[in-house]
Amino acid sequence: MPSLSKSKLMIELQFASPAIEVLVATQASTSLIKKWVKAASPPSGQLTLRFVNLVEGKKLNCAFRKKDAATNVLTFPYEFTKSNVHADIIFCLPVLQKEAKVQGKTLKAHLAHLVVHGCLHAQAHDHETKKDAEKMESSEVQILKKLGFSNPYLDT
């Protein structure tokens, strides 16, 4: 009789174009990105990470947040419990590149930070109030430290 396997976290990566896929691959392997996701997520569920260009990023931000510009990360949570999460997380690579350059960070470190950030949003964390922002940032810093990254909120 086959044993019943535990539910696990399924992670899908999508790329808006081959150029976006190549850019992401120059910063982190698929397995590394999945490691970042697992470090910031419950043990089971389904997360889809989509890496997009400015056109798609702007279109999504306009449609869902009524903002006429692309943003770094958009999270669409569908279901969350303590041990399970279902969400889509969108990353606009040109915005991430620009932010990393302006902030004096590597794109890899900035990408890791925003993957963690998006995963926390999928679990109902937000930064609308100062208290919530401090709690979310503290979680991000702890997770990133375990992954070998420095505090993204310190001035560089």
# chains A, B, ... in the order shown; residues from 1 in each chain; ligands from 1
call {"tool": "closest_atom_pairs", "arguments": {"of": "region 34-139 of chain A", "to": "region 7-19 of chain A", "cutoff": "6 Å", "atoms": "only C-alpha atoms", "output": "Markdown table"}}
result
| residue | atom | partner | partner_atom | distance |
| --- | --- | --- | --- | --- |
| A:Pro43 | CA | A:Leu9 | CA | 5.5 |
| A:Ser44 | CA | A:Leu9 | CA | 3.8 |
| A:Gly45 | CA | A:Leu9 | CA | 4.7 |
| A:Gln46 | CA | A:Met10 | CA | 4.7 |
| A:Leu47 | CA | A:Ile11 | CA | 5.0 |
| A:Thr48 | CA | A:Glu12 | CA | 4.7 |
| A:Leu49 | CA | A:Leu13 | CA | 4.9 |
| A:Arg50 | CA | A:Gln14 | CA | 4.5 |
| A:Phe51 | CA | A:Phe15 | CA | 4.9 |
| A:Val52 | CA | A:Ala16 | CA | 4.9 |
call {"tool": "select_by_dssp", "arguments": {"residues": "chain A", "states": "strand (DSSP E)", "output": "PyMOL selection string"}}
result
chain A and resi 9-15+44-52+73-81+84-92
call {"tool": "write_last_selection", "arguments": {"atoms": "N, CA, C and O atoms", "output": "CSV table (one decimal), in the first residue's frame"}}
result
chain,number,residue,atom,x,y,z
A,9,LEU,N,5.0,22.5,-0.6
A,9,LEU,CA,5.0,23.8,-1.3
A,9,LEU,C,5.4,23.7,-2.7
A,9,LEU,O,6.5,23.3,-3.0
A,10,MET,N,4.4,24.0,-3.6
A,10,MET,CA,4.7,23.9,-5.0
A,10,MET,C,5.0,25.3,-5.5
A,10,MET,O,4.3,26.3,-5.2
A,11,ILE,N,6.2,25.5,-6.2
A,11,ILE,CA,6.6,26.8,-6.6
A,11,ILE,C,6.8,26.7,-8.2
A,11,ILE,O,7.5,25.9,-8.7
A,12,GLU,N,6.1,27.6,-8.8
A,12,GLU,CA,6.2,27.8,-10.3
A,12,GLU,C,6.9,29.1,-10.6
A,12,GLU,O,6.4,30.1,-10.1
A,13,LEU,N,7.8,29.1,-11.5
A,13,LEU,CA,8.4,30.3,-12.0
A,13,LEU,C,8.0,30.5,-13.4
A,13,LEU,O,8.0,29.6,-14.2
A,14,GLN,N,7.6,31.8,-13.7
A,14,GLN,CA,7.2,32.1,-15.1
A,14,GLN,C,7.9,33.4,-15.5
A,14,GLN,O,8.3,34.2,-14.7
A,15,PHE,N,8.2,33.5,-16.8
A,15,PHE,CA,9.0,34.6,-17.3
A,15,PHE,C,8.2,35.2,-18.5
A,15,PHE,O,7.8,34.5,-19.4
A,44,SER,N,3.4,24.3,2.9
A,44,SER,CA,2.6,23.7,1.8
A,44,SER,C,1.8,24.8,1.1
A,44,SER,O,1.7,25.9,1.6
A,45,GLY,N,1.4,24.5,-0.1
A,45,GLY,CA,0.6,25.4,-0.9
A,45,GLY,C,1.1,25.5,-2.3
A,45,GLY,O,1.8,24.7,-2.8
A,46,GLN,N,0.7,26.6,-3.0
A,46,GLN,CA,1.1,26.9,-4.4
A,46,GLN,C,1.5,28.4,-4.5
A,46,GLN,O,0.6,29.2,-4.3
A,47,LEU,N,2.7,28.6,-4.9
A,47,LEU,CA,3.1,30.0,-5.2
A,47,LEU,C,3.6,30.0,-6.7
A,47,LEU,O,4.4,29.2,-7.1
A,48,THR,N,3.1,31.0,-7.4
A,48,THR,CA,3.6,31.3,-8.8
A,48,THR,C,4.3,32.6,-8.7
A,48,THR,O,3.7,33.6,-8.3
A,49,LEU,N,5.6,32.6,-9.1
A,49,LEU,CA,6.4,33.8,-9.3
A,49,LEU,C,6.5,34.1,-10.7
A,49,LEU,O,7.0,33.3,-11.5
A,50,ARG,N,6.1,35.3,-11.1
A,50,ARG,CA,6.1,35.7,-12.5
A,50,ARG,C,7.0,36.9,-12.7
A,50,ARG,O,6.8,37.9,-11.9
A,51,PHE,N,8.0,36.9,-13.5
A,51,PHE,CA,9.0,37.9,-13.8
A,51,PHE,C,8.6,38.6,-15.1
A,51,PHE,O,8.5,38.0,-16.1
A,52,VAL,N,8.3,39.9,-15.0
A,52,VAL,CA,7.8,40.7,-16.1
A,52,VAL,C,8.6,41.9,-16.5
A,52,VAL,O,9.5,42.3,-15.8
A,73,VAL,N,7.1,44.8,-6.9
A,73,VAL,CA,6.5,43.5,-6.7
A,73,VAL,C,5.0,43.7,-6.4
A,73,VAL,O,4.6,44.7,-5.7
A,74,LEU,N,4.2,42.8,-7.0
A,74,LEU,CA,2.7,42.8,-6.7
A,74,LEU,C,2.4,41.4,-6.2
A,74,LEU,O,2.9,40.4,-6.8
A,75,THR,N,1.7,41.3,-5.1
A,75,THR,CA,1.3,40.0,-4.6
A,75,THR,C,-0.2,39.9,-4.6
A,75,THR,O,-0.9,40.8,-4.2
A,76,PHE,N,-0.7,38.7,-5.1
A,76,PHE,CA,-2.1,38.4,-5.2
A,76,PHE,C,-2.3,37.2,-4.3
A,76,PHE,O,-2.2,36.0,-4.8
A,77,PRO,N,-2.7,37.4,-3.1
A,77,PRO,CA,-2.9,36.2,-2.2
A,77,PRO,C,-4.3,35.7,-2.4
A,77,PRO,O,-5.3,36.5,-2.5
A,78,TYR,N,-4.4,34.4,-2.5
A,78,TYR,CA,-5.7,33.7,-2.7
A,78,TYR,C,-6.2,33.0,-1.4
A,78,TYR,O,-7.4,33.0,-1.1
A,79,GLU,N,-5.3,32.4,-0.7
A,79,GLU,CA,-5.6,31.6,0.5
A,79,GLU,C,-4.4,31.6,1.4
A,79,GLU,O,-3.2,31.4,0.9
A,80,PHE,N,-4.6,31.7,2.7
A,80,PHE,CA,-3.5,31.6,3.6
A,80,PHE,C,-4.0,31.0,4.9
A,80,PHE,O,-4.9,31.4,5.5
A,81,THR,N,-3.2,30.0,5.4
A,81,THR,CA,-3.4,29.5,6.8
A,81,THR,C,-2.0,29.4,7.3
A,81,THR,O,-1.0,29.7,6.6
A,84,ASN,N,-0.3,26.8,5.1
A,84,ASN,CA,-0.6,26.7,3.7
A,84,ASN,C,-0.8,28.1,3.1
A,84,ASN,O,-1.4,29.0,3.7
A,85,VAL,N,-0.3,28.2,1.8
A,85,VAL,CA,-0.4,29.5,1.2
A,85,VAL,C,-0.6,29.3,-0.3
A,85,VAL,O,-0.1,28.4,-0.9
A,86,HIS,N,-1.5,30.1,-0.9
A,86,HIS,CA,-1.7,30.1,-2.4
A,86,HIS,C,-1.7,31.6,-2.8
A,86,HIS,O,-2.5,32.4,-2.4
A,87,ALA,N,-0.8,31.9,-3.8
A,87,ALA,CA,-0.7,33.3,-4.2
A,87,ALA,C,0.1,33.3,-5.5
A,87,ALA,O,0.9,32.4,-5.9
A,88,ASP,N,-0.1,34.4,-6.2
A,88,ASP,CA,0.7,34.8,-7.4
A,88,ASP,C,1.5,36.0,-7.0
A,88,ASP,O,1.0,36.9,-6.3
A,89,ILE,N,2.8,36.0,-7.3
A,89,ILE,CA,3.7,37.2,-7.0
A,89,ILE,C,4.4,37.6,-8.3
A,89,ILE,O,5.0,36.8,-9.0
A,90,ILE,N,4.2,38.9,-8.6
A,90,ILE,CA,4.7,39.4,-9.9
A,90,ILE,C,5.9,40.4,-9.5
A,90,ILE,O,5.8,41.2,-8.7
A,91,PHE,N,7.0,40.2,-10.3
A,91,PHE,CA,8.2,41.0,-10.1
A,91,PHE,C,8.5,41.7,-11.4
A,91,PHE,O,8.6,41.0,-12.5
A,92,CYS,N,8.7,43.0,-11.4
A,92,CYS,CA,9.0,43.8,-12.6
A,92,CYS,C,10.5,44.0,-12.6
A,92,CYS,O,11.0,44.8,-11.8
call {"tool": "select_by_dssp", "arguments": {"residues": "chain A", "states": "helix (DSSP H, G or I)", "output": "number ranges by chain"}}
result
A: 18-27, 30-39, 54-65, 93-103, 107-121, 130-146
call {"tool": "residues_around", "arguments": {"residues": "Phe149 (chain A)", "least_positions_apart": "3", "cutoff": "12 Å", "atoms": "only C-alpha atoms", "output": "compact mmCIF listing (two decimals) with C-alpha atoms, in the first residue's frame"}}
result
# COMPACT_ATOMS: atom_id res chain seq x y z
CA TRP A 36 14.40 31.88 -0.91
CA LYS A 105 22.82 46.95 -3.98
CA THR A 106 23.41 43.95 -6.18
CA LYS A 108 20.72 39.42 -6.64
CA ALA A 109 20.42 40.81 -3.09
CA HIS A 110 17.52 43.07 -4.07
CA LEU A 111 15.76 40.20 -5.83
CA ALA A 112 16.18 37.95 -2.78
CA HIS A 113 14.75 40.71 -0.58
CA VAL A 116 10.96 37.30 0.68
CA GLU A 140 12.47 40.08 6.28
CA VAL A 141 15.78 40.89 7.95
CA GLN A 142 15.75 37.63 9.95
CA ILE A 143 14.95 35.49 6.89
CA LEU A 144 17.50 37.26 4.69
CA LYS A 145 20.18 36.87 7.37
CA LYS A 146 19.57 33.09 7.42
CA PRO A 152 18.32 45.65 3.15
CA TYR A 153 17.08 48.57 5.24
CA LEU A 154 20.50 49.77 6.36
call {"tool": "atom_distance", "arguments": {"atom1": "CA of Ala63 (chain A)", "atom2": "CA of Lys131 (chain A)"}}
result
28.7 Å
call {"tool": "closest_residue", "arguments": {"among": "A:Glu137, A:Val115, A:Ser150, A:His127", "to": "Ile33 (chain A)", "atoms": "only C-alpha atoms"}}
result
A:Val115
call {"tool": "atom_distance", "arguments": {"atom1": "CA of Ala40 (chain A)", "atom2": "CA of Leu114 (chain A)"}}
result
10.8 Å
call {"tool": "atom_distance", "arguments": {"atom1": "CA of Ala39 (chain A)", "atom2": "CA of Leu147 (chain A)"}}
result
7.9 Å
